[in-house]
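> This one is start18.pdb, PDB, C-alpha atoms.
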ATOM      1  CA  MET A   1      -4.194   5.254 139.422
ATOM      2  CA  LYS A   2      -3.998   8.884 140.501
ATOM      3  CA  ASN A   3      -0.280   9.303 139.835
ATOM      4  CA  ILE A   4       0.237   7.334 136.635
ATOM      5  CA  ALA A   5      -2.877   6.056 134.843
ATOM      6  CA  ILE A   6      -5.028   9.190 135.099
ATOM      7  CA  PRO A   7      -2.299  11.752 134.306
ATOM      8  CA  VAL A   8      -0.913   9.804 131.355
ATOM      9  CA  PHE A   9      -4.405   9.262 129.917
ATOM     10  CA  VAL A  10      -5.318  12.915 130.381
ATOM     11  CA  GLY A  11      -1.986  14.020 128.874
ATOM     12  CA  ILE A  12      -2.608  11.834 125.819
ATOM     13  CA  LEU A  13      -6.132  13.260 125.394
ATOM     14  CA  PHE A  14      -4.733  16.782 125.683
ATOM     15  CA  GLY A  15      -1.946  16.101 123.187
ATOM     16  CA  ILE A  16      -4.392  14.541 120.709
ATOM     17  CA  GLY A  17      -6.743  17.513 121.119
ATOM     18  CA  LEU A  18      -3.974  20.043 120.500
ATOM     19  CA  THR A  19      -2.904  18.189 117.353
ATOM     20  CA  ILE A  20      -6.395  17.647 115.889
ATOM     21  CA  SER A  21      -7.351  21.266 116.582
ATOM     22  CA  GLY A  22      -4.371  22.731 114.728
ATOM     23  CA  MET A  23      -2.857  24.400 117.812
ATOM     24  CA  THR A  24       0.424  22.565 117.182
ATOM     25  CA  ASN A  25       0.756  24.291 113.807
ATOM     26  CA  PRO A  26       2.441  27.678 114.454
ATOM     27  CA  SER A  27       1.238  29.112 111.134
ATOM     28  CA  LYS A  28      -2.359  28.398 112.128
ATOM     29  CA  VAL A  29      -1.902  30.200 115.442
ATOM     30  CA  ILE A  30      -0.296  33.187 113.702
ATOM     31  CA  GLY A  31      -3.189  33.068 111.209
ATOM     32  CA  PHE A  32      -5.623  33.385 114.113
ATOM     33  CA  LEU A  33      -3.775  36.421 115.483
ATOM     34  CA  ASN A  34      -3.604  37.961 112.002
ATOM     35  CA  ILE A  35      -7.065  39.510 112.193
ATOM     36  CA  PHE A  36      -6.021  42.541 110.145
ATOM     37  CA  GLY A  37      -4.695  40.354 107.331
ATOM     38  CA  LYS A  38      -5.708  36.926 106.058
ATOM     39  CA  TRP A  39      -7.533  35.674 109.113
ATOM     40  CA  ASP A  40      -7.970  32.063 110.226
ATOM     41  CA  PRO A  41     -10.684  32.131 112.923
ATOM     42  CA  SER A  42     -10.421  28.361 113.659
ATOM     43  CA  LEU A  43      -8.849  28.725 117.100
ATOM     44  CA  ILE A  44     -12.011  30.363 118.422
ATOM     45  CA  PHE A  45     -13.590  26.947 117.864
ATOM     46  CA  VAL A  46     -10.821  25.261 119.857
ATOM     47  CA  MET A  47     -11.514  27.479 122.851
ATOM     48  CA  GLY A  48     -15.258  27.157 122.300
ATOM     49  CA  GLY A  49     -15.145  23.346 122.228
ATOM     50  CA  ALA A  50     -12.913  23.192 125.306
ATOM     51  CA  ILE A  51     -14.896  25.711 127.365
ATOM     52  CA  LEU A  52     -18.125  23.947 126.395
ATOM     53  CA  ILE A  53     -16.828  21.029 128.490
ATOM     54  CA  SER A  54     -14.778  22.840 131.158
ATOM     55  CA  LEU A  55     -17.487  25.375 132.110
ATOM     56  CA  PRO A  56     -20.176  22.885 133.215
ATOM     57  CA  THR A  57     -17.461  20.769 134.866
ATOM     58  CA  PHE A  58     -16.295  23.588 137.124
ATOM     59  CA  LEU A  59     -19.606  25.352 137.650
ATOM     60  CA  LEU A  60     -22.042  22.423 137.934
ATOM     61  CA  LEU A  61     -20.377  19.020 138.314
ATOM     62  CA  GLN A  62     -17.859  20.069 140.970
ATOM     63  CA  LYS A  63     -20.641  21.190 143.281
ATOM     64  CA  LYS A  64     -22.252  17.741 143.085
ATOM     65  CA  ILE A  65     -19.199  15.823 144.262
ATOM     66  CA  PRO A  66     -17.406  16.464 147.575
ATOM     67  CA  TYR A  67     -13.908  15.462 146.429
ATOM     68  CA  PRO A  68     -12.115  14.132 143.323
ATOM     69  CA  PHE A  69     -12.893  10.421 142.793
ATOM     70  CA  PHE A  70      -9.319   9.170 143.140
ATOM     71  CA  ASN A  71      -7.863  11.857 145.367
ATOM     72  CA  LYS A  72      -9.858  12.286 148.538
ATOM     73  CA  GLU A  73      -6.668  13.130 150.494
ATOM     74  CA  GLU A  74      -5.712  16.268 148.584
ATOM     75  CA  GLY A  75      -9.170  17.315 147.425
ATOM     76  CA  PHE A  76      -9.765  19.843 144.692
ATOM     77  CA  GLN A  77      -6.899  22.219 143.934
ATOM     78  CA  LYS A  78      -7.375  25.545 145.711
ATOM     79  CA  ILE A  79      -8.126  28.557 143.587
ATOM     80  CA  SER A  80      -6.269  31.805 144.118
ATOM     81  CA  PHE A  81      -8.604  34.663 144.880
ATOM     82  CA  LYS A  82      -6.027  37.316 144.119
ATOM     83  CA  SER A  83      -7.309  40.402 142.380
ATOM     84  CA  ILE A  84      -6.080  41.627 139.028
ATOM     85  CA  ASP A  85      -2.564  42.988 139.548
ATOM     86  CA  SER A  86       0.256  44.345 137.417
ATOM     87  CA  SER A  87       2.056  40.942 137.352
ATOM     88  CA  LEU A  88      -0.983  39.339 135.727
ATOM     89  CA  ILE A  89      -1.279  42.039 133.075
ATOM     90  CA  ILE A  90       2.441  42.451 132.330
ATOM     91  CA  GLY A  91       3.079  38.685 132.386
ATOM     92  CA  SER A  92       0.144  37.905 130.096
ATOM     93  CA  GLY A  93       1.105  40.812 127.832
ATOM     94  CA  LEU A  94       4.682  39.527 127.453
ATOM     95  CA  PHE A  95       3.404  35.980 126.910
ATOM     96  CA  GLY A  96       1.159  37.253 124.096
ATOM     97  CA  ILE A  97       4.086  39.019 122.417
ATOM     98  CA  GLY A  98       6.147  35.803 122.453
ATOM     99  CA  TRP A  99       3.119  33.808 121.279
ATOM    100  CA  GLY A 100       2.651  36.174 118.349
ATOM    101  CA  MET A 101       6.355  36.082 117.463
ATOM    102  CA  VAL A 102       6.485  32.305 117.004
ATOM    103  CA  GLY A 103       2.971  30.829 117.181
ATOM    104  CA  PHE A 104       3.735  28.468 120.048
ATOM    105  CA  CYS A 105       2.331  28.479 123.572
ATOM    106  CA  PRO A 106       3.576  26.030 126.259
ATOM    107  CA  GLY A 107       1.177  23.102 125.577
ATOM    108  CA  PRO A 108       1.727  22.838 121.823
ATOM    109  CA  SER A 109       5.453  23.455 122.304
ATOM    110  CA  ILE A 110       5.703  20.370 124.539
ATOM    111  CA  ALA A 111       3.290  18.311 122.394
ATOM    112  CA  SER A 112       5.463  19.051 119.337
ATOM    113  CA  LEU A 113       8.663  17.693 120.900
ATOM    114  CA  SER A 114       8.264  14.309 119.199
ATOM    115  CA  MET A 115       8.568  15.956 115.787
ATOM    116  CA  LEU A 116      12.186  16.816 116.570
ATOM    117  CA  ASN A 117      11.854  19.998 114.531
ATOM    118  CA  GLU A 118      14.883  22.229 115.046
ATOM    119  CA  ASN A 119      12.931  25.490 115.429
ATOM    120  CA  ALA A 120      10.397  23.902 117.781
ATOM    121  CA  LEU A 121      13.204  22.497 119.947
ATOM    122  CA  ILE A 122      15.006  25.855 120.123
ATOM    123  CA  PHE A 123      11.733  27.508 121.149
ATOM    124  CA  PHE A 124      11.175  24.877 123.833
ATOM    125  CA  VAL A 125      14.643  25.409 125.346
ATOM    126  CA  ALA A 126      14.224  29.210 125.278
ATOM    127  CA  MET A 127      10.787  28.910 126.907
ATOM    128  CA  SER A 128      12.183  26.712 129.696
ATOM    129  CA  LEU A 129      14.996  29.212 130.209
ATOM    130  CA  GLY A 130      12.515  32.090 130.362
ATOM    131  CA  MET A 131      10.620  30.314 133.140
ATOM    132  CA  VAL A 132      13.807  29.821 135.148
ATOM    133  CA  ILE A 133      14.848  33.461 134.592
ATOM    134  CA  LYS A 134      11.549  34.582 136.127
ATOM    135  CA  LYS A 135      12.297  32.406 139.163
ATOM    136  CA  ILE A 136      15.821  33.810 139.594
ATOM    137  CA  ILE A 137      14.946  37.498 139.150
TER     138      ILE A 137
ATOM    139  CA  MET B   1     -12.156  40.704 105.992
ATOM    140  CA  ASN B   2     -10.196  37.961 104.362
ATOM    141  CA  ILE B   3     -10.696  34.475 105.821
ATOM    142  CA  ILE B   4      -8.326  31.584 104.993
ATOM    143  CA  ASN B   5      -7.544  28.007 106.076
ATOM    144  CA  PHE B   6     -10.727  27.849 108.153
ATOM    145  CA  THR B   7     -11.094  24.437 109.866
ATOM    146  CA  PRO B   8     -14.035  24.772 112.280
ATOM    147  CA  ILE B   9     -14.829  21.048 112.531
ATOM    148  CA  GLU B  10     -11.289  19.830 113.266
ATOM    149  CA  SER B  11     -10.654  22.720 115.623
ATOM    150  CA  PHE B  12     -13.922  22.221 117.509
ATOM    151  CA  THR B  13     -13.300  18.460 117.797
ATOM    152  CA  GLY B  14      -9.785  19.068 119.097
ATOM    153  CA  GLY B  15     -11.182  21.620 121.533
ATOM    154  CA  VAL B  16     -13.654  19.050 122.900
ATOM    155  CA  PHE B  17     -10.759  16.594 123.481
ATOM    156  CA  ILE B  18      -8.879  19.328 125.377
ATOM    157  CA  GLY B  19     -12.002  20.142 127.407
ATOM    158  CA  LEU B  20     -12.467  16.447 128.267
ATOM    159  CA  ALA B  21      -8.837  16.225 129.399
ATOM    160  CA  VAL B  22      -9.338  19.270 131.649
ATOM    161  CA  ALA B  23     -12.608  17.837 133.054
ATOM    162  CA  ILE B  24     -11.253  14.330 133.690
ATOM    163  CA  LEU B  25      -8.091  15.564 135.424
ATOM    164  CA  PHE B  26     -10.150  17.824 137.663
ATOM    165  CA  LEU B  27     -12.949  15.389 138.549
ATOM    166  CA  LEU B  28     -10.707  12.364 139.105
ATOM    167  CA  ARG B  29      -7.607  13.985 140.560
ATOM    168  CA  GLY B  30      -8.631  17.531 141.491
ATOM    169  CA  ASN B  31      -5.992  19.445 139.501
ATOM    170  CA  PHE B  32      -6.253  22.199 136.921
ATOM    171  CA  ALA B  33      -4.599  21.310 133.611
ATOM    172  CA  GLY B  34      -2.605  24.515 133.308
ATOM    173  CA  ILE B  35       0.341  23.344 131.261
ATOM    174  CA  SER B  36       2.850  26.139 131.963
ATOM    175  CA  GLY B  37       2.471  25.563 135.710
ATOM    176  CA  ILE B  38       2.613  21.765 135.458
ATOM    177  CA  TYR B  39       5.707  21.894 133.278
ATOM    178  CA  TYR B  40       7.448  24.528 135.415
ATOM    179  CA  ASN B  41       6.909  22.575 138.645
ATOM    180  CA  LEU B  42       8.151  19.417 136.949
ATOM    181  CA  MET B  43      11.226  21.101 135.483
ATOM    182  CA  THR B  44      12.207  22.593 138.844
ATOM    183  CA  PHE B  45      11.680  19.206 140.568
ATOM    184  CA  LYS B  46       8.985  20.406 142.938
ATOM    185  CA  LYS B  47       8.692  17.446 145.282
ATOM    186  CA  SER B  48       4.984  17.157 145.981
ATOM    187  CA  GLY B  49       3.138  16.024 142.892
ATOM    188  CA  PHE B  50       6.253  15.201 140.864
ATOM    189  CA  LEU B  51       4.987  11.845 139.637
ATOM    190  CA  TRP B  52       1.612  12.913 138.281
ATOM    191  CA  ARG B  53       3.142  15.933 136.533
ATOM    192  CA  LEU B  54       5.782  13.730 134.935
ATOM    193  CA  PHE B  55       3.182  11.309 133.584
ATOM    194  CA  PHE B  56       0.926  14.111 132.369
ATOM    195  CA  ILE B  57       3.799  15.604 130.350
ATOM    196  CA  ILE B  58       4.756  12.139 129.024
ATOM    197  CA  GLY B  59       1.147  11.691 127.875
ATOM    198  CA  LEU B  60       1.173  15.130 126.255
ATOM    199  CA  ILE B  61       4.217  14.117 124.220
ATOM    200  CA  ILE B  62       2.955  10.664 123.194
ATOM    201  CA  GLY B  63      -0.579  11.844 122.288
ATOM    202  CA  PRO B  64       0.515  13.174 118.876
ATOM    203  CA  ILE B  65       2.684  10.057 118.326
ATOM    204  CA  ILE B  66      -0.390   7.845 118.822
ATOM    205  CA  LEU B  67      -2.292   9.902 116.245
ATOM    206  CA  LYS B  68       0.584   9.400 113.828
ATOM    207  CA  LEU B  69       0.550   5.616 114.391
ATOM    208  CA  PHE B  70      -3.094   5.634 113.275
ATOM    209  CA  ASN B  71      -2.059   7.615 110.196
ATOM    210  CA  TYR B  72      -4.237  10.541 111.216
ATOM    211  CA  GLN B  73      -3.938  13.382 108.731
ATOM    212  CA  ASP B  74      -3.453  16.436 110.980
ATOM    213  CA  LEU B  75      -3.529  20.109 110.059
ATOM    214  CA  GLY B  76       0.193  20.131 109.385
ATOM    215  CA  PHE B  77       3.158  21.910 110.820
ATOM    216  CA  GLU B  78       4.469  25.077 109.239
ATOM    217  CA  VAL B  79       6.579  27.760 110.823
ATOM    218  CA  PRO B  80       5.690  31.300 109.727
ATOM    219  CA  HIS B  81       9.399  32.228 109.602
ATOM    220  CA  THR B  82      12.762  30.709 110.573
ATOM    221  CA  ASN B  83      14.277  33.810 112.138
ATOM    222  CA  ILE B  84      16.288  32.319 114.991
ATOM    223  CA  LEU B  85      16.434  35.563 116.961
ATOM    224  CA  LEU B  86      12.628  35.864 116.886
ATOM    225  CA  ILE B  87      12.231  32.214 117.916
ATOM    226  CA  ILE B  88      14.575  32.569 120.899
ATOM    227  CA  THR B  89      13.126  35.918 122.014
ATOM    228  CA  GLY B  90       9.602  34.537 121.613
ATOM    229  CA  GLY B  91      10.454  31.471 123.687
ATOM    230  CA  LEU B  92      12.006  33.557 126.465
ATOM    231  CA  LEU B  93       8.952  35.839 126.549
ATOM    232  CA  VAL B  94       6.504  32.912 126.620
ATOM    233  CA  GLY B  95       8.413  31.274 129.478
ATOM    234  CA  TYR B  96       8.909  34.448 131.493
ATOM    235  CA  GLY B  97       5.445  35.832 130.781
ATOM    236  CA  THR B  98       3.496  32.701 131.687
ATOM    237  CA  GLN B  99       5.318  32.497 135.026
ATOM    238  CA  LEU B 100       4.846  36.186 135.846
ATOM    239  CA  GLY B 101       1.209  36.091 134.709
ATOM    240  CA  SER B 102       0.627  32.697 136.394
ATOM    241  CA  GLY B 103      -0.824  30.929 133.392
ATOM    242  CA  CYS B 104      -1.003  30.311 129.676
ATOM    243  CA  THR B 105      -3.626  29.432 127.097
ATOM    244  CA  SER B 106      -4.671  26.283 128.983
ATOM    245  CA  GLY B 107      -4.555  27.580 132.557
ATOM    246  CA  HIS B 108      -6.190  30.951 131.932
ATOM    247  CA  GLY B 109      -7.882  30.408 128.569
ATOM    248  CA  ILE B 110      -9.614  27.087 129.261
ATOM    249  CA  CYS B 111      -9.520  26.305 133.007
ATOM    250  CA  GLY B 112      -9.819  29.915 134.193
ATOM    251  CA  ILE B 113     -12.499  30.981 131.739
ATOM    252  CA  GLY B 114     -14.285  27.708 132.531
ATOM    253  CA  ARG B 115     -14.518  28.904 136.146
ATOM    254  CA  LEU B 116     -15.532  32.384 134.940
ATOM    255  CA  SER B 117     -12.499  33.809 136.765
ATOM    256  CA  ILE B 118     -12.185  37.547 136.155
ATOM    257  CA  ARG B 119      -8.386  37.290 136.463
ATOM    258  CA  SER B 120      -8.222  34.623 133.758
ATOM    259  CA  ILE B 121     -10.639  36.403 131.444
ATOM    260  CA  THR B 122      -8.478  39.551 131.789
ATOM    261  CA  ALA B 123      -5.273  37.547 131.188
ATOM    262  CA  THR B 124      -6.706  35.819 128.093
ATOM    263  CA  PHE B 125      -7.923  39.111 126.655
ATOM    264  CA  THR B 126      -4.464  40.609 127.303
ATOM    265  CA  PHE B 127      -2.377  37.889 125.632
ATOM    266  CA  ILE B 128      -4.658  37.679 122.605
ATOM    267  CA  LEU B 129      -4.482  41.472 122.246
ATOM    268  CA  THR B 130      -0.671  41.690 122.498
ATOM    269  CA  GLY B 131      -0.433  38.657 120.187
ATOM    270  CA  ILE B 132      -2.549  40.417 117.566
ATOM    271  CA  ILE B 133      -0.461  43.594 117.842
ATOM    272  CA  THR B 134       2.776  41.583 117.583
ATOM    273  CA  VAL B 135       1.643  39.784 114.418
ATOM    274  CA  LEU B 136       0.536  43.094 112.907
ATOM    275  CA  LEU B 137       3.960  44.600 113.663
ATOM    276  CA  LEU B 138       5.907  41.597 112.336
ATOM    277  CA  ARG B 139       3.873  41.725 109.142
ATOM    278  CA  PHE B 140       4.452  45.458 108.854
ATOM    279  CA  LEU B 141       8.209  44.981 109.373
ATOM    280  CA  GLY B 142       8.274  42.179 106.794
ATOM    281  CA  PHE B 143       9.258  39.303 109.122
ATOM    282  CA  ILE B 144       6.174  37.315 108.213
ATOM    283  CA  ASN B 145       4.336  37.275 104.955
ATOM    284  CA  LEU B 146       0.635  36.527 105.507
TER     285      LEU B 146
END
So, in terms of structure tokens, how does the structure I just supplied come out?


Amino acid sequence: MKNIAIPVFVGILFGIGLTISGMTNPSKVIGFLNIFGKWDPSLIFVMGGAILISLPTFLLLQKKIPYPFFNKEEGFQKISFKSIDSSLIIGSGLFGIGWGMVGFCPGPSIASLSMLNENALIFFVAMSLGMVIKKII
Amino acid sequence: MNIINFTPIESFTGGVFIGLAVAILFLLRGNFAGISGIYYNLMTFKKSGFLWRLFFIIGLIIGPIILKLFNYQDLGFEVPHTNILLIITGGLLVGYGTQLGSGCTSGHGICGIGRLSIRSITATFTFILTGIITVLLLRFLGFINL
């Protein structure tokens, strides 16, 4: 249940959500970032719809239950209470530059794998490499 | 301001699906659905939690396939350019940046903001800002035509 059924179901929901919302279409993402040109504000609604559910889950529901239903052993994942540091800002800044260059972030990049699009696959390999480079350096 | 291709209903609906995925994973299993972290730990074969990460990523890949089987008409797939150098550089930056900044659009933008984390709100503001500047520059330099 906790290692197969729940994760695969949640992954499917996530993948369906990314596709329906338009996040898997790079041109739509670039359109959202193109606020000084022809702007497509749709992705605000993606974040809005998602936060509408995630906010009450984390702030209200979690307090009502002592541990996750199917994972009493591990409990809820611990949150880092680090303060804002240069890694956070520089890392997020670089991520945004890459996001703006192609229109893919990690979720949609993985969800688009089944399309077998050449450009999407090249991006995915480069992204994986970038993650490993961070680990090595 | 010039607004195009606006799809508030589809985008909101998709967002609710994503929010439900985040909520269900957290309430039933206790994990945050931050995709860059899940994928990174899977790719580097981190022992603890390997199985659930693997099945989450499998689900993420088959979700869109299921939609296709039901002949769902999605919002399409278009690349803004096919400049291979930009695609590779962009991929490297997304991979490196999400690891250095400990999160991406899902981890910071949806889970983190959902917890009202100041770190995540700062991160989200930062990557949207640099994304906007990048698109402006690429348009100015003629790489994309929007």

> Given the choices B:Ala33, B:Gln73, B:Leu100, B:Gly49, which gets closest to chain A if the distance is worked out from all atoms listed in the file?

B:Leu100

> Neighbourhood query: residues within 12 Å of (-19.4, 16.2, 145.0), file coordinates, counting all atoms listed in the file; return as a list in words.

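Applying the cut-off with all atoms listed in the file, one gets Thr57, Phe58, Leu59, Leu60, Leu61, Gln62, Lys63, Lys64, Ile65, Pro66, Tyr67, Pro68, Phe69, Lys72, Gly75 and Phe76 of chain A; Phe26, Leu27, Leu28 and Gly30 of chain B.
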
> My list of candidates is B:Met43, B:Ile66, B:Ile3, B:Val22. Which is closest to B:Leu146 when distances are computed with all atoms listed in the file?

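Using all atoms listed in the file, the shortest distance to B:Leu146 belongs to B:Ile3.
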
> With only C-alpha atoms as the atoms that count, which of A:Gly11, A:Ser112, A:Met1, A:Gly31 lies nearest to chain B?

A:Gly11

> With all atoms listed in the file as the atoms that count, which of A:Ile136, A:Ile20, A:Met115, A:Ile89 lies nearest to B:Leu75?

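Ranking A:Ile136, A:Ile20, A:Met115, A:Ile89 by distance to B:Leu75, first place goes to A:Ile20.
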
> Could you give me, as a PyMOL selection string, the residues within 6 Å of stretch 94-107 of chain A, counting only C-alpha atoms and dropping anything in the same chain fewer than 4 positions from it?

(chain A and resi 26+29-30) or (chain B and resi 35-36+87+90+93-94+97-98+127+130-131+134-135)

> Which protein, DNA or RNA residues are at most 12 Å from (-6.9, 30.4, 127.5) in the file's coordinates when you count all atoms listed in the file, listed as a compact mmCIF listing (two decimals) with C-alpha atoms, in the frame of the given file?


# COMPACT_ATOMS: atom_id res chain seq x y z
CA LEU A 43 -8.85 28.72 117.10
CA ILE A 44 -12.01 30.36 118.42
CA VAL A 46 -10.82 25.26 119.86
CA MET A 47 -11.51 27.48 122.85
CA GLY A 48 -15.26 27.16 122.30
CA ALA A 50 -12.91 23.19 125.31
CA ILE A 51 -14.90 25.71 127.36
CA SER A 54 -14.78 22.84 131.16
CA SER A 92 0.14 37.90 130.10
CA PHE A 95 3.40 35.98 126.91
CA GLY A 96 1.16 37.25 124.10
CA CYS A 105 2.33 28.48 123.57
CA PRO A 106 3.58 26.03 126.26
CA GLY A 107 1.18 23.10 125.58
CA GLY B 15 -11.18 21.62 121.53
CA ILE B 18 -8.88 19.33 125.38
CA GLY B 19 -12.00 20.14 127.41
CA ALA B 33 -4.60 21.31 133.61
CA GLY B 34 -2.60 24.52 133.31
CA ILE B 35 0.34 23.34 131.26
CA SER B 36 2.85 26.14 131.96
CA THR B 98 3.50 32.70 131.69
CA SER B 102 0.63 32.70 136.39
CA GLY B 103 -0.82 30.93 133.39
CA CYS B 104 -1.00 30.31 129.68
CA THR B 105 -3.63 29.43 127.10
CA SER B 106 -4.67 26.28 128.98
CA GLY B 107 -4.56 27.58 132.56
CA HIS B 108 -6.19 30.95 131.93
CA GLY B 109 -7.88 30.41 128.57
CA ILE B 110 -9.61 27.09 129.26
CA CYS B 111 -9.52 26.30 133.01
CA GLY B 112 -9.82 29.92 134.19
CA ILE B 113 -12.50 30.98 131.74
CA GLY B 114 -14.28 27.71 132.53
CA ARG B 115 -14.52 28.90 136.15
CA LEU B 116 -15.53 32.38 134.94
CA SER B 117 -12.50 33.81 136.76
CA ARG B 119 -8.39 37.29 136.46
CA SER B 120 -8.22 34.62 133.76
CA ILE B 121 -10.64 36.40 131.44
CA THR B 122 -8.48 39.55 131.79
CA ALA B 123 -5.27 37.55 131.19
CA THR B 124 -6.71 35.82 128.09
CA PHE B 125 -7.92 39.11 126.66
CA THR B 126 -4.46 40.61 127.30
CA PHE B 127 -2.38 37.89 125.63
CA ILE B 128 -4.66 37.68 122.60

> Can you spell out as a short mmCIF file (atom, residue, chain, number, x, y, z; two decimals) with C-alpha atoms, in the coordinates of the input the set of residues that the PyMOL selection byres ((chain B and resi 7-12) around 6) selects in the structure I just provided?


data_model
loop_
_atom_site.label_atom_id
_atom_site.label_comp_id
_atom_site.auth_asym_id
_atom_site.auth_seq_id
_atom_site.Cartn_x
_atom_site.Cartn_y
_atom_site.Cartn_z
CA ILE A 20 -6.40 17.65 115.89
CA SER A 21 -7.35 21.27 116.58
CA SER A 42 -10.42 28.36 113.66
CA PHE A 45 -13.59 26.95 117.86
CA VAL A 46 -10.82 25.26 119.86
CA GLY A 49 -15.14 23.35 122.23
CA PHE B 6 -10.73 27.85 108.15
CA THR B 13 -13.30 18.46 117.80
CA GLY B 14 -9.78 19.07 119.10
CA GLY B 15 -11.18 21.62 121.53
#

> Would you compute the distance between atom CA of B:Gly63 and atom CA of A:Ser114? Give it in Å to one decimal.

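The value is 9.7 Å.
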
> Restricting the calculation to all atoms listed in the file: of B:Ile88, B:Ala21, B:Gly76, B:Leu54, which residue gets closest to B:Asn5?

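Closest residue, counting all atoms listed in the file: B:Gly76.
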
> Taking the file as shown, what set of residues would the PyMOL selection byres ((chain B and resi 81) around 10) give back, as a PyMOL selection string?

(chain A and resi 26-27+101-102+119) or (chain B and resi 78-80+82-84+86-87+143-145)

> For B:Tyr96, find every residue with an atom within 9 Å (counting only C-alpha atoms), except residues of its own chain fewer than 6 positions away, and show them as a list in words.

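These residues fall inside the cut-off: Gly91, Leu94, Phe95, Met127, Ser128, Leu129, Gly130, Met131, Val132, Ile133, Lys134 and Lys135 of chain A.
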
> So, counting only C-alpha atoms, which residue among B:Ile118, B:Ile61, B:Leu69, B:Leu42 is closest to chain A?

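Of B:Ile118, B:Ile61, B:Leu69, B:Leu42, the one nearest chain A is B:Ile61, counting only C-alpha atoms.
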
> What is the distance between atom CA of A:Phe9 and atom CA of B:Ala23, in Å to one decimal?

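For atom CA of A:Phe9 relative to atom CA of B:Ala23, the distance reads 12.3 Å.
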
> Rounded to one decimal place, report the atom CA of A:Glu73-atom CA of B:Asn31 distance in Å.

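So the two atoms, atom CA of A:Glu73 and atom CA of B:Asn31, lie 12.7 Å apart.
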
> Run through the PyMOL selection byres ((chain A and resi 36) around 9) on the given coordinates and return the selected residues as a VMD selection string.

(chain A and resid 33 to 35 37 to 39) or (chain B and resid 1 to 2 132 136)

> How big is the axis-aligned box around the listed atoms of stretch 41-58 of chain B once 3 Å is added on each side, and where is its centre? Give both in Å to one decimal, as lines of an AutoDock Vina configuration file.


center_x = 6.6
center_y = 17.0
center_z = 137.5
size_x = 17.3
size_y = 17.3
size_z = 23.0
